[in-house]
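Visitor: Got a file for you: coords.pdb, PDB, C-alpha atoms, pLDDT in the B column.
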MODEL        1
ATOM      1  CA  MET A   1       0.000   0.000   0.000  1.00 73.00           C
ATOM      2  CA  PRO A   2       1.407   3.376  -0.940  1.00 83.00           C
ATOM      3  CA  HIS A   3       1.515   6.019   1.813  1.00 89.00           C
ATOM      4  CA  ILE A   4      -0.128   8.617  -0.406  1.00 91.00           C
ATOM      5  CA  THR A   5      -3.185   8.234  -2.622  1.00 91.00           C
ATOM      6  CA  LEU A   6      -1.987   7.303  -6.109  1.00 91.00           C
ATOM      7  CA  PRO A   7      -3.962   6.523  -9.274  1.00 90.00           C
ATOM      8  CA  ASP A   8      -5.278   2.934  -9.205  1.00 88.00           C
ATOM      9  CA  GLY A   9      -3.748  -0.024 -11.024  1.00 87.00           C
ATOM     10  CA  LEU A  10      -0.312   1.440 -11.755  1.00 87.00           C
ATOM     11  CA  PRO A  11       2.514  -0.649 -10.254  1.00 84.00           C
ATOM     12  CA  GLY A  12       5.870   0.618  -8.924  1.00 85.00           C
ATOM     13  CA  ILE A  13       7.143   3.958 -10.131  1.00 87.00           C
ATOM     14  CA  THR A  14       4.307   4.342 -12.650  1.00 89.00           C
ATOM     15  CA  GLY A  15       1.857   5.346  -9.882  1.00 90.00           C
ATOM     16  CA  PRO A  16       3.929   8.309  -8.621  1.00 92.00           C
ATOM     17  CA  LEU A  17       4.721   9.271 -12.226  1.00 92.00           C
ATOM     18  CA  ALA A  18       0.995   9.510 -13.029  1.00 93.00           C
ATOM     19  CA  PHE A  19       0.390  11.367  -9.736  1.00 94.00           C
ATOM     20  CA  ARG A  20       2.847  14.165 -10.634  1.00 95.00           C
ATOM     21  CA  PRO A  21       3.241  14.658 -14.422  1.00 95.00           C
ATOM     22  CA  GLU A  22       5.380  17.800 -13.930  1.00 96.00           C
ATOM     23  CA  THR A  23       8.171  15.778 -12.312  1.00 95.00           C
ATOM     24  CA  ALA A  24       7.452  12.649 -14.386  1.00 94.00           C
ATOM     25  CA  ARG A  25       8.283  14.423 -17.662  1.00 94.00           C
ATOM     26  CA  PRO A  26      11.975  15.170 -16.963  1.00 95.00           C
ATOM     27  CA  MET A  27      12.411  11.808 -15.192  1.00 93.00           C
ATOM     28  CA  ARG A  28      11.098   9.964 -18.244  1.00 92.00           C
ATOM     29  CA  ALA A  29      13.314  12.077 -20.504  1.00 93.00           C
ATOM     30  CA  MET A  30      16.370  11.209 -18.426  1.00 93.00           C
ATOM     31  CA  ALA A  31      15.541   7.485 -18.252  1.00 90.00           C
ATOM     32  CA  GLU A  32      14.869   7.467 -22.002  1.00 91.00           C
ATOM     33  CA  PHE A  33      18.212   9.099 -22.761  1.00 93.00           C
ATOM     34  CA  LEU A  34      20.272   7.044 -20.291  1.00 91.00           C
ATOM     35  CA  LEU A  35      18.795   3.660 -21.113  1.00 89.00           C
ATOM     36  CA  ARG A  36      17.712   4.036 -24.756  1.00 90.00           C
ATOM     37  CA  GLY A  37      19.576   7.055 -26.147  1.00 92.00           C
ATOM     38  CA  PRO A  38      22.630   6.909 -28.435  1.00 94.00           C
ATOM     39  CA  ASN A  39      25.378   5.120 -26.536  1.00 93.00           C
ATOM     40  CA  THR A  40      28.308   2.749 -27.038  1.00 94.00           C
ATOM     41  CA  LEU A  41      26.633   0.447 -24.490  1.00 91.00           C
ATOM     42  CA  SER A  42      23.624  -1.494 -25.714  1.00 89.00           C
ATOM     43  CA  SER A  43      20.207  -0.800 -24.179  1.00 87.00           C
ATOM     44  CA  ALA A  44      20.277  -4.343 -22.759  1.00 86.00           C
ATOM     45  CA  ASP A  45      23.606  -3.673 -21.022  1.00 85.00           C
ATOM     46  CA  ARG A  46      22.338  -0.394 -19.644  1.00 86.00           C
ATOM     47  CA  GLU A  47      19.187  -2.037 -18.280  1.00 84.00           C
ATOM     48  CA  SER A  48      21.305  -4.651 -16.491  1.00 82.00           C
ATOM     49  CA  LEU A  49      23.865  -2.348 -14.766  1.00 61.00           C
ATOM     50  CA  PRO A  50      26.823  -2.057 -17.134  1.00 47.00           C
ATOM     51  CA  PRO A  51      30.287  -2.654 -15.645  1.00 49.00           C
ATOM     52  CA  ILE A  52      31.551   0.868 -16.315  1.00 52.00           C
ATOM     53  CA  PRO A  53      31.948   3.025 -13.210  1.00 53.00           C
ATOM     54  CA  ARG A  54      30.430   6.276 -14.498  1.00 55.00           C
ATOM     55  CA  ALA A  55      27.451   4.627 -16.194  1.00 57.00           C
ATOM     56  CA  ARG A  56      26.997   2.299 -13.245  1.00 58.00           C
ATOM     57  CA  THR A  57      26.935   5.246 -10.839  1.00 62.00           C
ATOM     58  CA  ILE A  58      24.246   7.018 -12.821  1.00 63.00           C
ATOM     59  CA  VAL A  59      22.110   3.944 -13.344  1.00 63.00           C
ATOM     60  CA  THR A  60      22.468   2.835  -9.711  1.00 65.00           C
ATOM     61  CA  SER A  61      21.570   6.300  -8.489  1.00 67.00           C
ATOM     62  CA  ALA A  62      18.583   6.453 -10.810  1.00 66.00           C
ATOM     63  CA  ARG A  63      17.458   3.075  -9.533  1.00 66.00           C
ATOM     64  CA  GLN A  64      17.773   4.303  -5.959  1.00 65.00           C
ATOM     65  CA  VAL A  65      15.507   7.200  -6.887  1.00 68.00           C
ATOM     66  CA  MET A  66      13.026   4.887  -8.552  1.00 66.00           C
ATOM     67  CA  ARG A  67      12.997   2.489  -5.611  1.00 64.00           C
ATOM     68  CA  GLN A  68      12.286   5.258  -3.143  1.00 66.00           C
ATOM     69  CA  LEU A  69       9.430   6.689  -5.127  1.00 66.00           C
ATOM     70  CA  PRO A  70       6.681   4.064  -4.746  1.00 60.00           C
ATOM     71  CA  LEU A  71       6.498   5.038  -1.043  1.00 59.00           C
ATOM     72  CA  THR A  72       5.315   1.555  -0.141  1.00 48.00           C
ATOM     73  CA  THR A  73       5.069   0.322   3.424  1.00 41.00           C
TER      74      THR A  73
ATOM     75  CA  MET B   1      41.036  15.145 -10.218  1.00 57.00           C
ATOM     76  CA  ALA B   2      37.736  13.545 -11.023  1.00 68.00           C
ATOM     77  CA  TYR B   3      37.812   9.866 -11.978  1.00 76.00           C
ATOM     78  CA  ILE B   4      36.658  10.749 -15.486  1.00 82.00           C
ATOM     79  CA  GLN B   5      37.986  13.585 -17.655  1.00 86.00           C
ATOM     80  CA  LEU B   6      35.604  16.518 -17.119  1.00 87.00           C
ATOM     81  CA  PRO B   7      35.633  19.832 -19.029  1.00 88.00           C
ATOM     82  CA  ILE B   8      38.054  22.389 -17.593  1.00 89.00           C
ATOM     83  CA  ALA B   9      36.682  25.785 -16.533  1.00 86.00           C
ATOM     84  CA  GLU B  10      39.194  28.264 -17.984  1.00 86.00           C
ATOM     85  CA  GLU B  11      38.766  30.823 -15.208  1.00 83.00           C
ATOM     86  CA  LEU B  12      39.378  28.159 -12.562  1.00 81.00           C
ATOM     87  CA  GLY B  13      42.093  26.156 -14.317  1.00 81.00           C
ATOM     88  CA  ARG B  14      40.281  22.975 -13.271  1.00 81.00           C
ATOM     89  CA  GLU B  15      36.885  21.257 -13.432  1.00 82.00           C
ATOM     90  CA  PHE B  16      33.728  23.092 -12.452  1.00 84.00           C
ATOM     91  CA  PRO B  17      32.978  22.383  -8.778  1.00 82.00           C
ATOM     92  CA  GLY B  18      30.444  19.859  -7.527  1.00 83.00           C
ATOM     93  CA  ILE B  19      27.815  18.462  -9.827  1.00 86.00           C
ATOM     94  CA  LEU B  20      28.546  21.241 -12.349  1.00 87.00           C
ATOM     95  CA  GLY B  21      31.516  19.098 -13.469  1.00 87.00           C
ATOM     96  CA  PRO B  22      29.428  16.062 -14.506  1.00 87.00           C
ATOM     97  CA  MET B  23      26.711  18.393 -15.816  1.00 90.00           C
ATOM     98  CA  THR B  24      29.096  20.118 -18.218  1.00 91.00           C
ATOM     99  CA  PHE B  25      30.408  16.676 -19.213  1.00 90.00           C
ATOM    100  CA  ARG B  26      26.936  15.402 -20.120  1.00 91.00           C
ATOM    101  CA  PRO B  27      24.501  18.180 -21.121  1.00 93.00           C
ATOM    102  CA  GLU B  28      21.976  15.579 -22.349  1.00 94.00           C
ATOM    103  CA  THR B  29      21.447  14.278 -18.805  1.00 92.00           C
ATOM    104  CA  ALA B  30      21.942  17.692 -17.184  1.00 93.00           C
ATOM    105  CA  ALA B  31      18.970  19.183 -19.066  1.00 95.00           C
ATOM    106  CA  PRO B  32      16.208  16.899 -17.684  1.00 95.00           C
ATOM    107  CA  LEU B  33      17.898  16.838 -14.264  1.00 93.00           C
ATOM    108  CA  ASN B  34      17.828  20.643 -14.094  1.00 94.00           C
ATOM    109  CA  LYS B  35      14.210  20.668 -15.298  1.00 95.00           C
ATOM    110  CA  LEU B  36      13.285  18.244 -12.532  1.00 96.00           C
ATOM    111  CA  VAL B  37      15.088  20.265  -9.848  1.00 95.00           C
ATOM    112  CA  ASN B  38      13.478  23.480 -11.164  1.00 96.00           C
ATOM    113  CA  VAL B  39       9.999  21.958 -10.765  1.00 97.00           C
ATOM    114  CA  LEU B  40      10.806  20.592  -7.309  1.00 97.00           C
ATOM    115  CA  LEU B  41      12.643  23.562  -5.800  1.00 97.00           C
ATOM    116  CA  ARG B  42      11.329  26.551  -7.746  1.00 96.00           C
ATOM    117  CA  GLY B  43       8.014  25.468  -9.295  1.00 96.00           C
ATOM    118  CA  GLU B  44       4.541  26.150  -7.909  1.00 97.00           C
ATOM    119  CA  SER B  45       4.158  24.592  -4.476  1.00 97.00           C
ATOM    120  CA  THR B  46       2.434  25.103  -1.141  1.00 98.00           C
ATOM    121  CA  LEU B  47       5.925  24.796   0.391  1.00 98.00           C
ATOM    122  CA  SER B  48       8.028  27.952   0.081  1.00 98.00           C
ATOM    123  CA  ARG B  49      11.196  27.914  -2.005  1.00 97.00           C
ATOM    124  CA  GLY B  50      13.190  28.428   1.201  1.00 97.00           C
ATOM    125  CA  GLU B  51      11.546  25.394   2.819  1.00 98.00           C
ATOM    126  CA  ARG B  52      12.235  23.187  -0.201  1.00 98.00           C
ATOM    127  CA  GLU B  53      15.876  24.312  -0.341  1.00 97.00           C
ATOM    128  CA  MET B  54      16.159  23.413   3.364  1.00 98.00           C
ATOM    129  CA  ILE B  55      15.026  19.850   2.569  1.00 98.00           C
ATOM    130  CA  ALA B  56      17.651  19.655  -0.210  1.00 97.00           C
ATOM    131  CA  THR B  57      20.316  21.091   2.108  1.00 97.00           C
ATOM    132  CA  HIS B  58      19.482  18.702   4.958  1.00 98.00           C
ATOM    133  CA  VAL B  59      19.665  15.634   2.702  1.00 97.00           C
ATOM    134  CA  SER B  60      22.935  16.856   1.145  1.00 95.00           C
ATOM    135  CA  TRP B  61      24.404  17.302   4.626  1.00 96.00           C
ATOM    136  CA  ARG B  62      23.307  13.753   5.508  1.00 96.00           C
ATOM    137  CA  ASN B  63      25.053  12.542   2.348  1.00 93.00           C
ATOM    138  CA  ASP B  64      28.170  14.506   3.331  1.00 91.00           C
ATOM    139  CA  CYS B  65      28.157  16.345  -0.019  1.00 89.00           C
ATOM    140  CA  PHE B  66      30.130  19.535   0.615  1.00 88.00           C
ATOM    141  CA  PHE B  67      29.185  21.249  -2.648  1.00 87.00           C
ATOM    142  CA  CYS B  68      25.434  20.590  -2.511  1.00 91.00           C
ATOM    143  CA  GLN B  69      24.941  21.407   1.163  1.00 93.00           C
ATOM    144  CA  THR B  70      26.923  24.633   0.715  1.00 92.00           C
ATOM    145  CA  ILE B  71      25.278  25.914  -2.456  1.00 92.00           C
ATOM    146  CA  HIS B  72      21.733  24.842  -1.539  1.00 95.00           C
ATOM    147  CA  GLY B  73      22.253  26.097   2.016  1.00 96.00           C
ATOM    148  CA  ALA B  74      23.188  29.469   0.501  1.00 95.00           C
ATOM    149  CA  VAL B  75      20.181  29.411  -1.845  1.00 96.00           C
ATOM    150  CA  ALA B  76      17.953  28.529   1.127  1.00 96.00           C
ATOM    151  CA  ALA B  77      19.358  31.364   3.262  1.00 96.00           C
ATOM    152  CA  ALA B  78      18.980  33.836   0.386  1.00 95.00           C
ATOM    153  CA  GLN B  79      15.245  33.051   0.382  1.00 95.00           C
ATOM    154  CA  LEU B  80      14.893  32.967   4.183  1.00 96.00           C
ATOM    155  CA  GLY B  81      15.934  36.512   5.051  1.00 96.00           C
ATOM    156  CA  HIS B  82      19.631  35.552   4.821  1.00 95.00           C
ATOM    157  CA  ASP B  83      19.323  33.458   7.992  1.00 96.00           C
ATOM    158  CA  GLU B  84      22.453  31.333   7.641  1.00 96.00           C
ATOM    159  CA  VAL B  85      22.321  30.324  11.312  1.00 97.00           C
ATOM    160  CA  LEU B  86      18.887  28.782  10.735  1.00 97.00           C
ATOM    161  CA  VAL B  87      20.133  26.884   7.692  1.00 97.00           C
ATOM    162  CA  GLN B  88      23.107  25.539   9.650  1.00 97.00           C
ATOM    163  CA  LYS B  89      20.739  24.426  12.412  1.00 97.00           C
ATOM    164  CA  VAL B  90      18.492  22.665   9.875  1.00 97.00           C
ATOM    165  CA  LYS B  91      21.482  20.574   8.804  1.00 96.00           C
ATOM    166  CA  THR B  92      22.713  19.362  12.173  1.00 93.00           C
ATOM    167  CA  ASP B  93      19.996  20.051  14.768  1.00 94.00           C
ATOM    168  CA  TRP B  94      16.788  20.340  12.763  1.00 94.00           C
ATOM    169  CA  GLU B  95      14.523  19.064  15.556  1.00 94.00           C
ATOM    170  CA  ASP B  96      15.308  22.209  17.569  1.00 96.00           C
ATOM    171  CA  ALA B  97      15.408  24.625  14.620  1.00 97.00           C
ATOM    172  CA  LYS B  98      12.909  27.484  14.431  1.00 96.00           C
ATOM    173  CA  ILE B  99      10.903  25.996  11.571  1.00 98.00           C
ATOM    174  CA  SER B 100       7.291  24.869  11.365  1.00 98.00           C
ATOM    175  CA  PRO B 101       6.336  21.497  12.914  1.00 98.00           C
ATOM    176  CA  LYS B 102       5.145  20.445   9.453  1.00 98.00           C
ATOM    177  CA  LEU B 103       8.577  21.116   7.928  1.00 98.00           C
ATOM    178  CA  LYS B 104      10.194  19.165  10.781  1.00 98.00           C
ATOM    179  CA  ALA B 105       7.925  16.199   9.977  1.00 98.00           C
ATOM    180  CA  LEU B 106       8.839  16.500   6.275  1.00 98.00           C
ATOM    181  CA  LEU B 107      12.568  16.705   7.138  1.00 98.00           C
ATOM    182  CA  ASN B 108      12.105  13.527   9.198  1.00 98.00           C
ATOM    183  CA  ILE B 109      10.691  11.791   6.105  1.00 97.00           C
ATOM    184  CA  ALA B 110      13.478  13.205   3.898  1.00 98.00           C
ATOM    185  CA  GLY B 111      16.057  11.897   6.369  1.00 97.00           C
ATOM    186  CA  LYS B 112      14.506   8.427   6.261  1.00 97.00           C
ATOM    187  CA  VAL B 113      14.512   8.495   2.449  1.00 96.00           C
ATOM    188  CA  GLN B 114      18.238   9.308   2.606  1.00 96.00           C
ATOM    189  CA  LEU B 115      18.713   6.018   4.496  1.00 95.00           C
ATOM    190  CA  GLY B 116      16.486   4.230   1.956  1.00 91.00           C
ATOM    191  CA  GLY B 117      12.823   4.473   0.988  1.00 88.00           C
ATOM    192  CA  LYS B 118      11.836   1.507   3.141  1.00 90.00           C
ATOM    193  CA  HIS B 119      12.901   3.316   6.316  1.00 94.00           C
ATOM    194  CA  VAL B 120       9.851   5.594   5.965  1.00 95.00           C
ATOM    195  CA  THR B 121       7.058   4.303   8.240  1.00 96.00           C
ATOM    196  CA  SER B 122       3.293   4.856   8.262  1.00 95.00           C
ATOM    197  CA  GLU B 123       3.823   6.737  11.544  1.00 97.00           C
ATOM    198  CA  ASP B 124       6.243   9.162   9.827  1.00 97.00           C
ATOM    199  CA  ILE B 125       3.628   9.858   7.142  1.00 97.00           C
ATOM    200  CA  ALA B 126       0.766  10.124   9.651  1.00 97.00           C
ATOM    201  CA  ALA B 127       2.771  12.600  11.749  1.00 98.00           C
ATOM    202  CA  ALA B 128       3.356  14.819   8.700  1.00 98.00           C
ATOM    203  CA  ARG B 129      -0.293  14.575   7.691  1.00 98.00           C
ATOM    204  CA  ASP B 130      -1.502  15.448  11.207  1.00 98.00           C
ATOM    205  CA  LEU B 131       0.588  18.612  10.955  1.00 98.00           C
ATOM    206  CA  GLY B 132      -1.099  19.556   7.690  1.00 97.00           C
ATOM    207  CA  ALA B 133       1.167  18.054   5.030  1.00 98.00           C
ATOM    208  CA  SER B 134      -0.663  17.208   1.788  1.00 98.00           C
ATOM    209  CA  ASP B 135      -0.011  14.162  -0.406  1.00 97.00           C
ATOM    210  CA  LEU B 136       1.668  16.436  -2.939  1.00 97.00           C
ATOM    211  CA  GLU B 137       3.971  17.925  -0.277  1.00 98.00           C
ATOM    212  CA  ILE B 138       4.865  14.423   0.934  1.00 97.00           C
ATOM    213  CA  HIS B 139       5.484  13.263  -2.650  1.00 97.00           C
ATOM    214  CA  ASP B 140       7.693  16.248  -3.429  1.00 97.00           C
ATOM    215  CA  THR B 141       9.631  15.886  -0.166  1.00 98.00           C
ATOM    216  CA  VAL B 142      10.408  12.261  -1.025  1.00 97.00           C
ATOM    217  CA  LEU B 143      11.366  13.174  -4.576  1.00 97.00           C
ATOM    218  CA  ILE B 144      13.598  16.082  -3.464  1.00 97.00           C
ATOM    219  CA  ALA B 145      15.354  13.708  -1.045  1.00 97.00           C
ATOM    220  CA  ALA B 146      15.688  10.984  -3.696  1.00 96.00           C
ATOM    221  CA  VAL B 147      16.930  13.350  -6.412  1.00 96.00           C
ATOM    222  CA  PHE B 148      19.507  14.843  -4.055  1.00 95.00           C
ATOM    223  CA  CYS B 149      20.655  11.348  -3.101  1.00 94.00           C
ATOM    224  CA  MET B 150      21.381  10.976  -6.825  1.00 91.00           C
ATOM    225  CA  CYS B 151      23.026  14.402  -7.268  1.00 90.00           C
ATOM    226  CA  ASN B 152      25.059  14.071  -4.043  1.00 89.00           C
ATOM    227  CA  ARG B 153      26.700  10.966  -5.501  1.00 83.00           C
ATOM    228  CA  ALA B 154      27.860  12.619  -8.707  1.00 75.00           C
ATOM    229  CA  PRO B 155      30.564  15.061  -7.481  1.00 66.00           C
ATOM    230  CA  GLN B 156      34.022  13.656  -6.917  1.00 59.00           C
ATOM    231  CA  ASP B 157      35.673  16.698  -5.444  1.00 61.00           C
ATOM    232  CA  ALA B 158      37.992  15.003  -2.969  1.00 62.00           C
ATOM    233  CA  GLY B 159      40.756  15.083  -5.603  1.00 64.00           C
ATOM    234  CA  ILE B 160      40.843  18.880  -5.602  1.00 67.00           C
ATOM    235  CA  TYR B 161      41.608  18.866  -1.891  1.00 71.00           C
ATOM    236  CA  ARG B 162      44.234  16.150  -2.355  1.00 75.00           C
ATOM    237  CA  GLU B 163      45.952  18.324  -4.989  1.00 75.00           C
ATOM    238  CA  ARG B 164      45.894  21.331  -2.643  1.00 76.00           C
ATOM    239  CA  ALA B 165      47.198  19.155   0.186  1.00 79.00           C
ATOM    240  CA  ALA B 166      50.106  17.949  -1.951  1.00 82.00           C
ATOM    241  CA  LEU B 167      51.058  21.583  -2.740  1.00 80.00           C
ATOM    242  CA  ILE B 168      50.885  22.551   0.936  1.00 80.00           C
ATOM    243  CA  VAL B 169      52.958  19.543   1.991  1.00 86.00           C
ATOM    244  CA  GLU B 170      55.540  20.441  -0.693  1.00 84.00           C
ATOM    245  CA  HIS B 171      55.654  24.255  -0.335  1.00 81.00           C
ATOM    246  CA  GLY B 172      53.974  25.098   2.997  1.00 81.00           C
ATOM    247  CA  TYR B 173      51.029  27.452   3.571  1.00 80.00           C
ATOM    248  CA  THR B 174      52.887  30.675   2.759  1.00 81.00           C
ATOM    249  CA  GLY B 175      54.275  29.243  -0.472  1.00 78.00           C
ATOM    250  CA  VAL B 176      50.828  28.181  -1.664  1.00 76.00           C
ATOM    251  CA  THR B 177      49.326  31.619  -0.999  1.00 79.00           C
ATOM    252  CA  GLN B 178      52.279  33.352  -2.684  1.00 79.00           C
ATOM    253  CA  ALA B 179      51.893  31.095  -5.715  1.00 74.00           C
ATOM    254  CA  ALA B 180      48.183  31.962  -5.868  1.00 75.00           C
ATOM    255  CA  ILE B 181      48.941  35.705  -5.605  1.00 79.00           C
ATOM    256  CA  ALA B 182      51.618  35.375  -8.312  1.00 77.00           C
ATOM    257  CA  THR B 183      49.022  33.967 -10.728  1.00 70.00           C
ATOM    258  CA  LEU B 184      46.892  37.090 -10.158  1.00 75.00           C
ATOM    259  CA  HIS B 185      49.674  39.305 -11.545  1.00 68.00           C
ATOM    260  CA  HIS B 186      50.074  37.353 -14.787  1.00 57.00           C
TER     261      HIS B 186
ENDMDL
END
So that I can check it, write out the structure of this file as structure tokens.
Guide:
Amino acid sequence: MPHITLPDGLPGITGPLAFRPETARPMRAMAEFLLRGPNTLSSADRESLPPIPRARTIVTSARQVMRQLPLTT
Amino acid sequence: MAYIQLPIAEELGREFPGILGPMTFRPETAAPLNKLVNVLLRGESTLSRGEREMIATHVSWRNDCFFCQTIHGAVAAAQLGHDEVLVQKVKTDWEDAKISPKLKALLNIAGKVQLGGKHVTSEDIAAARDLGASDLEIHDTVLIAAVFCMCNRAPQDAGIYRERAALIVEHGYTGVTQAAIATLHH
């Protein structure tokens, strides 16, 4: 159960994203660029934590953000 | 020295400080990140800009990020009647700071988020709500804390201090200052 009232039927981060479109927009843009934008790492590698320190730092940090957002008990 | 080669700021003779280094390195990620922080810290909100900057400052202090706690502490103070003492108190002793009970409850949540989202309890949320916090204020507090946990991890400034330390060890404090003054005359 989320701590705040989120739109129904949206799992994980998608609930908070629908709750606050103003913050969702730049977050989606960043995720899109980091995971699917032009890169020497494949999208698959980026989705599975690539073994390159800088990229790993960004992806890990982004995941930390995502994990904290659902506000679940 | 940062671990990766960052752009050099000509006027500084080294990388831009704090997260500005990585941001100049990667404008494509800096743009949405800045948009997000603009919405959270400067966009329309029932929390004042000063209050939101205090949340960012507190989390940055918890993450031991010198650059972020200093710059956001300064931005907070600038929007809180230049009360730098208050901002300092919000970092280290926020429970006794002269801020609203609601902001204290939100800072408590932000502090738990800094430890990890699962540290936030129903009691923490209920306490904030009882003091008048809305769902949107709770959401934005969590997102400010989470985003700063990301930004606080980007800067790798320790190298700058190591370089300064090496110069001081080699030339002493007077020598370092004289060298700095000499560069001003060239």
Visitor: Quick one, how far is CA of Glu170 in chain B from CA of Asp64 in chain B?
Guide: 28.3 Å
Visitor: Give me, please, the distance in Å between CA of Pro16 in chain A and CA of Leu34 in chain A, quoted to one decimal.
Guide: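 Interatomic distance here is 20.1 Å.
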Visitor: Could you produce a table of the residues of chain B lying within 9 Å of chain A, with the nearest pair of atoms per residue and their separation in Å rounded to one decimal, using only C-alpha atoms, ordered by chain and increasing residue number, as a tab-separated table?
Guide:
residue	atom	partner	partner_atom	distance
B:Tyr3	CA	A:Arg54	CA	8.6
B:Ile4	CA	A:Arg54	CA	7.7
B:Glu28	CA	A:Phe33	CA	7.5
B:Thr29	CA	A:Met30	CA	5.9
B:Ala30	CA	A:Met30	CA	8.6
B:Ala31	CA	A:Pro26	CA	8.3
B:Pro32	CA	A:Pro26	CA	4.6
B:Leu33	CA	A:Pro26	CA	6.7
B:Asn34	CA	A:Pro26	CA	8.5
B:Lys35	CA	A:Pro26	CA	6.2
B:Leu36	CA	A:Pro26	CA	5.5
B:Val37	CA	A:Thr23	CA	8.6
B:Val39	CA	A:Thr23	CA	6.6
B:Leu40	CA	A:Thr23	CA	7.4
B:Val113	CA	A:Gln68	CA	6.8
B:Gly116	CA	A:Gln68	CA	6.7
B:Gly117	CA	A:Gln68	CA	4.2
B:Lys118	CA	A:Thr73	CA	6.9
B:His119	CA	A:Thr73	CA	8.9
B:Val120	CA	A:Thr73	CA	7.6
B:Thr121	CA	A:Thr73	CA	6.6
B:Ser122	CA	A:His3	CA	6.8
B:Ile125	CA	A:His3	CA	6.9
B:Ala126	CA	A:His3	CA	8.9
B:Ser134	CA	A:Ile4	CA	8.9
B:Asp135	CA	A:Ile4	CA	5.5
B:Leu136	CA	A:Arg20	CA	8.1
B:Ile138	CA	A:Ile4	CA	7.8
B:His139	CA	A:Ile4	CA	7.6
B:Asp140	CA	A:Thr23	CA	8.9
B:Val142	CA	A:Leu69	CA	7.0
B:Leu143	CA	A:Leu69	CA	6.8
B:Ala145	CA	A:Val65	CA	8.7
B:Ala146	CA	A:Val65	CA	5.0
B:Val147	CA	A:Val65	CA	6.3
B:Cys149	CA	A:Ser61	CA	7.4
B:Met150	CA	A:Ser61	CA	5.0
B:Cys151	CA	A:Ser61	CA	8.3
B:Arg153	CA	A:Ser61	CA	7.6
B:Ala154	CA	A:Thr57	CA	7.7
Visitor: One decimal, Å: what's the distance from CA of Asp124 in chain B over to CA of Ile109 in chain B, could you say?
Guide: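 Spanning CA of Asp124 in chain B to CA of Ile109 in chain B is a straight-line distance of 6.4 Å.
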Visitor: So that I can see what lies close to Phe16 in chain B, please list as a ChimeraX atom specification the residues with an atom at most 10 Å from it, counting only C-alpha atoms and leaving out residues fewer than 6 positions away in the same chain.
Guide: /B:6-10,22-25,155,157
Visitor: List as a PyMOL selection string the protein and nucleic acid residues near Lys104 in chain B, meaning an atom at most 9 Å away when only C-alpha atoms are counted, but skip any in the same chain fewer than 5 places from it.
Guide: chain B and resi 94-95+97+99+109+128
Visitor: With the file shown as input, list the residues that the PyMOL selection byres ((chain B and resi 59) around 12) selects, as a ChimeraX atom specification.
Guide: /B:52-58,60-66,68-70,72-73,90-92,94,106-116,141-153
Visitor: Taking into account all atoms listed in the file, which residue in the set B:Val176, B:Ile181, B:Ala133, B:Leu167 is nearest to Thr46 in chain B?
Guide: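 Closest candidate: B:Ala133.
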